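**Q** Contents of work.cif (mmCIF, C-alpha atoms) are below:
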data_entry
loop_
_atom_site.label_atom_id
_atom_site.label_comp_id
_atom_site.auth_asym_id
_atom_site.auth_seq_id
_atom_site.Cartn_x
_atom_site.Cartn_y
_atom_site.Cartn_z
CA MET A 1 16.95 -17.95 -42.06
CA GLN A 2 20.65 -18.70 -42.45
CA CYS A 3 21.73 -22.33 -42.07
CA PRO A 4 24.11 -22.77 -39.11
CA ARG A 5 26.07 -25.46 -41.02
CA CYS A 6 26.55 -24.17 -44.59
CA LYS A 7 25.48 -20.53 -44.10
CA PHE A 8 23.03 -20.71 -47.02
CA ASN A 9 20.35 -18.06 -46.63
CA GLY A 10 17.29 -20.20 -47.26
CA SER A 11 15.36 -22.75 -45.26
CA ARG A 12 11.83 -24.02 -44.90
CA VAL A 13 9.76 -24.62 -41.79
CA ILE A 14 9.01 -28.30 -41.17
CA ASP A 15 7.18 -27.99 -37.85
CA SER A 16 5.95 -25.16 -35.58
CA ARG A 17 4.62 -25.35 -32.04
CA PRO A 18 4.15 -23.06 -29.07
CA ALA A 19 6.92 -23.02 -26.46
CA ASP A 20 7.64 -21.33 -23.14
CA ASP A 21 3.96 -21.35 -22.10
CA GLY A 22 2.87 -19.72 -25.34
CA ARG A 23 5.35 -16.84 -25.12
CA SER A 24 7.39 -18.12 -28.05
CA ILE A 25 7.15 -20.38 -31.08
CA ARG A 26 9.58 -23.24 -31.69
CA ARG A 27 10.24 -23.92 -35.36
CA ARG A 28 12.03 -26.91 -36.88
CA ARG A 29 13.67 -25.89 -40.14
CA GLU A 30 15.49 -27.61 -42.97
CA CYS A 31 18.16 -25.94 -45.08
CA ASP A 32 17.21 -25.77 -48.78
CA GLU A 33 20.88 -26.22 -49.76
CA CYS A 34 22.36 -28.98 -47.56
CA GLY A 35 19.26 -30.47 -45.89
CA TYR A 36 20.56 -29.80 -42.36
CA ARG A 37 17.77 -29.57 -39.77
CA PHE A 38 17.86 -27.01 -36.98
CA THR A 39 15.57 -25.34 -34.46
CA THR A 40 14.76 -21.66 -34.06
CA PHE A 41 12.63 -19.78 -31.55
CA GLU A 42 10.49 -16.77 -32.31
CA ARG A 43 9.65 -14.39 -29.43
CA LEU A 44 7.80 -11.13 -29.18
CA GLU A 45 10.26 -8.31 -28.65
CA LYS A 46 9.08 -5.95 -25.95
CA ALA A 47 10.54 -2.55 -25.27
CA PRO A 48 11.50 -2.25 -21.61
CA ILE A 49 9.16 -0.19 -19.45
CA LEU A 50 10.91 2.51 -17.44
CA VAL A 51 9.41 3.81 -14.20
CA ILE A 52 10.00 7.47 -13.46
CA LYS A 53 10.54 7.75 -9.71
CA ARG A 54 9.59 10.77 -7.59
CA ASN A 55 13.17 12.02 -7.60
CA GLY A 56 13.28 11.88 -11.41
CA ASN A 57 15.41 8.74 -11.64
CA ARG A 58 14.35 6.03 -14.05
CA GLU A 59 14.49 2.30 -13.42
CA ALA A 60 13.15 -0.76 -15.19
CA PHE A 61 9.65 -1.89 -14.22
CA ASN A 62 10.01 -4.76 -11.79
CA ARG A 63 7.03 -7.06 -11.23
CA GLU A 64 8.66 -8.68 -8.22
CA LYS A 65 9.21 -5.33 -6.50
CA LEU A 66 5.56 -4.41 -6.97
CA LEU A 67 4.38 -7.83 -5.81
CA ASN A 68 6.60 -7.63 -2.70
CA GLY A 69 5.02 -4.28 -1.80
CA LEU A 70 1.56 -5.79 -2.18
CA VAL A 71 2.50 -8.82 -0.09
CA ARG A 72 3.76 -6.56 2.70
CA SER A 73 0.56 -4.50 2.63
CA ALA A 74 -1.59 -7.65 2.72
CA GLU A 75 0.38 -9.38 5.48
CA LYS A 76 -1.94 -11.25 7.90
CA ARG A 77 -4.94 -10.37 5.74
CA PRO A 78 -7.24 -12.91 4.05
CA ILE A 79 -5.96 -12.12 0.55
CA PRO A 80 -4.55 -15.03 -1.46
CA LEU A 81 -1.23 -14.54 -3.23
CA SER A 82 -2.96 -15.32 -6.52
CA GLN A 83 -5.14 -12.23 -6.09
CA LEU A 84 -2.09 -10.04 -5.47
CA GLU A 85 -0.40 -11.53 -8.53
CA GLN A 86 -3.54 -10.73 -10.51
CA ILE A 87 -3.25 -7.07 -9.45
CA VAL A 88 0.34 -7.01 -10.70
CA ASN A 89 -0.79 -8.65 -13.98
CA GLU A 90 -3.56 -6.07 -14.41
CA VAL A 91 -1.22 -3.16 -13.71
CA GLU A 92 1.41 -4.50 -16.11
CA HIS A 93 -1.24 -5.16 -18.77
CA THR A 94 -2.58 -1.61 -18.39
CA ILE A 95 0.92 -0.18 -18.72
CA ASN A 96 1.58 -2.24 -21.85
CA GLN A 97 -1.77 -1.20 -23.37
CA GLU A 98 -0.83 2.46 -23.01
CA GLY A 99 1.95 1.87 -25.51
CA GLU A 100 4.36 4.15 -23.68
CA ASN A 101 7.72 2.88 -22.50
CA GLU A 102 7.89 5.32 -19.56
CA ILE A 103 5.39 5.66 -16.71
CA SER A 104 5.50 7.52 -13.41
CA SER A 105 5.64 5.58 -10.17
CA MET A 106 2.79 7.83 -9.00
CA LEU A 107 0.49 6.47 -11.69
CA ILE A 108 1.44 2.88 -10.87
CA GLY A 109 0.74 3.53 -7.18
CA GLU A 110 -2.67 4.99 -7.96
CA MET A 111 -3.57 1.97 -10.09
CA VAL A 112 -2.54 -0.41 -7.31
CA MET A 113 -4.51 1.55 -4.71
CA ASP A 114 -7.63 1.45 -6.91
CA TYR A 115 -7.42 -2.35 -6.99
CA LEU A 116 -6.63 -2.69 -3.28
CA ALA A 117 -9.49 -0.39 -2.27
CA LYS A 118 -11.91 -2.86 -3.87
CA ILE A 119 -10.36 -5.86 -2.12
CA ASP A 120 -9.31 -4.96 1.42
CA ASP A 121 -9.41 -1.70 3.38
CA ILE A 122 -6.51 -2.57 5.69
CA ALA A 123 -4.19 -3.60 2.85
CA TYR A 124 -5.20 -0.40 1.06
CA ILE A 125 -4.34 1.79 4.07
CA ARG A 126 -1.02 0.00 4.56
CA PHE A 127 -0.07 0.45 0.91
CA ALA A 128 -1.26 4.07 0.89
CA SER A 129 0.69 4.91 4.05
CA VAL A 130 3.94 3.92 2.35
CA TYR A 131 3.03 5.16 -1.13
CA ARG A 132 1.72 8.54 0.03
CA GLN A 133 4.43 8.79 2.68
CA PHE A 134 2.19 9.48 5.66
CA THR A 135 4.31 11.43 8.12
CA ASP A 136 1.83 11.85 10.95
CA ARG A 137 -1.52 10.64 12.23
CA LYS A 138 -3.33 13.63 10.65
CA MET A 139 -2.48 12.36 7.18
CA PHE A 140 -3.55 8.88 8.20
CA LEU A 141 -6.88 10.10 9.59
CA LYS A 142 -7.49 12.25 6.52
CA GLU A 143 -7.11 9.16 4.29
CA LEU A 144 -9.48 7.19 6.54
CA GLU A 145 -12.05 9.97 6.32
CA ARG A 146 -11.73 10.03 2.53
CA MET A 147 -12.23 6.26 2.40
CA SER A 148 -15.23 6.48 4.72
CA PHE A 149 -16.76 9.20 2.55
CA GLU A 150 -16.25 7.09 -0.60
CA MET A 151 -17.80 4.03 1.03
CA ASP A 152 -20.81 6.03 2.30
CA ARG A 153 -21.29 7.46 -1.20
CA LYS A 154 -21.24 3.98 -2.74
CA ASP A 155 -23.64 2.65 -0.11
CA SER A 156 -26.14 5.45 -0.78
CA LYS A 157 -26.14 4.61 -4.51
CA SER A 158 -27.00 0.97 -3.83
#
Would you mind writing the file's structure down as structure tokens?

**A**
Amino acid sequence: MQCPRCKFNGSRVIDSRPADDGRSIRRRRECDECGYRFTTFERLEKAPILVIKRNGNREAFNREKLLNGLVRSAEKRPIPLSQLEQIVNEVEHTINQEGENEISSMLIGEMVMDYLAKIDDIAYIRFASVYRQFTDRKMFLKELERMSFEMDRKDSKS
């Protein structure tokens, strides 16, 4: 590490500790040449995740946008914000585990709906109606029938 004072390219670490809630490491260093002490931060470099929209456009993955959609779908439902944030965390973790830096919005929507279906039927239907772009009551009823079939199938296995 180059010393900010004398520009010598050698220093030693005196102290290290986690910083920024464990997302980085703060290091106190001392220059081997002039003895000047300085601080550096080490952070994991993440490649940005791009979401491929239905129209083919790409935009950066936005946790807040996803969380806002979940909050709208869960409005006036007994779902704590922490549970919605956990869904966003799980989705983001799954995306990062894939190792790809591009993912379709369709896949993200399906992941979210899988989580919502386990938590709350109404929030699921609300999210699905926007995500799947229900245009009439037939589409809405078809989704309700599919949900009912899935629930009956799970009940018969229990």

**Q** For stretch 147-155 of chain A, please output as a ChimeraX atom specification all residues within 10 Å (counting only C-alpha atoms; exclusion window: fewer than 3 positions along the same chain).

**A** /A:117,121,124-125,141-144,158

**Q** Tell me which residues the PyMOL selection byres ((chain A and resi 81-86) around 9) grabs here, as a list in words.

**A**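 Answer for the PyMOL selection byres ((chain A and resi 81-86) around 9): Leu67, Leu70, Val71, Ala74, Ile79, Pro80, Ile87, Val88, Asn89, Glu90, Val91 and Leu116 of chain A.
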
**Q** For the residues in that selection, give me C-alpha atoms as a PDB file, keeping the file's coordinate frame.

**A**
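And here is the file that came out, selection-v3.pdb:
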ATOM      1  CA  LEU A  67       4.380  -7.830  -5.810  1.00  0.00           C
ATOM      2  CA  LEU A  70       1.560  -5.790  -2.180  1.00  0.00           C
ATOM      3  CA  VAL A  71       2.500  -8.820  -0.090  1.00  0.00           C
ATOM      4  CA  ALA A  74      -1.590  -7.650   2.720  1.00  0.00           C
ATOM      5  CA  ILE A  79      -5.960 -12.120   0.550  1.00  0.00           C
ATOM      6  CA  PRO A  80      -4.550 -15.030  -1.460  1.00  0.00           C
ATOM      7  CA  ILE A  87      -3.250  -7.070  -9.450  1.00  0.00           C
ATOM      8  CA  VAL A  88       0.340  -7.010 -10.700  1.00  0.00           C
ATOM      9  CA  ASN A  89      -0.790  -8.650 -13.980  1.00  0.00           C
ATOM     10  CA  GLU A  90      -3.560  -6.070 -14.410  1.00  0.00           C
ATOM     11  CA  VAL A  91      -1.220  -3.160 -13.710  1.00  0.00           C
ATOM     12  CA  LEU A 116      -6.630  -2.690  -3.280  1.00  0.00           C
TER      13      LEU A 116
END

**Q** For this file, the PyMOL selection byres ((chain A and resi 104) around 10) selects which residues, as a list in words?

**A**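 Listing what the PyMOL selection byres ((chain A and resi 104) around 10) selects in the shown file: Leu50, Val51, Ile52, Lys53, Arg54, Gly56, Arg58, Glu102, Ile103, Ser105, Met106, Leu107, Ile108 and Gly109 of chain A.
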
**Q** Quick check on the file I pasted: which residues fall under the PyMOL selection byres ((chain A and resi 4) around 12)? Write them as an NGL selection string.

**A** :A and (1-3 or 5-11 or 29-31 or 33-40)

**Q** Quick one, how far is atom CA of A:Asn55 from atom CA of A:Val112?

**A**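 Atom-to-atom, atom CA of A:Asn55 to atom CA of A:Val112, that is 20.0 Å.
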
**Q** With distances taken over all atoms listed in the file, which residue among A:Ile95, A:Leu44, A:Met113, A:Ile25 lies nearest A:Arg63?

**A**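 Looking at the shortest contact to A:Arg63, the residue is A:Ile95.
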
**Q** Could you check how far atom CA of A:Glu45 sits from atom CA of A:Arg12, in Å to one decimal?

**A**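 Straight-line distance from atom CA of A:Glu45 to atom CA of A:Arg12 works out to 22.7 Å.
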
**Q** Expressed in Å to a single decimal, how great is the separation between atom CA of A:Glu42 and atom CA of A:Arg28?

**A**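 Answer for the atom CA of A:Glu42 to atom CA of A:Arg28 separation: 11.2 Å.
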
**Q** Quick one: of A:Ser24, A:Thr94, A:Ser73, A:Asn62, who's nearest to A:Val130, counting only C-alpha atoms?

**A** A:Ser73

**Q** So, with only C-alpha atoms as the atoms that count, which of A:Asp15, A:Asp114, A:Ser156, A:Ile49 lies closest to A:Gly99?

**A**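 Once distances to A:Gly99 are computed over only C-alpha atoms, the minimum belongs to A:Ile49.
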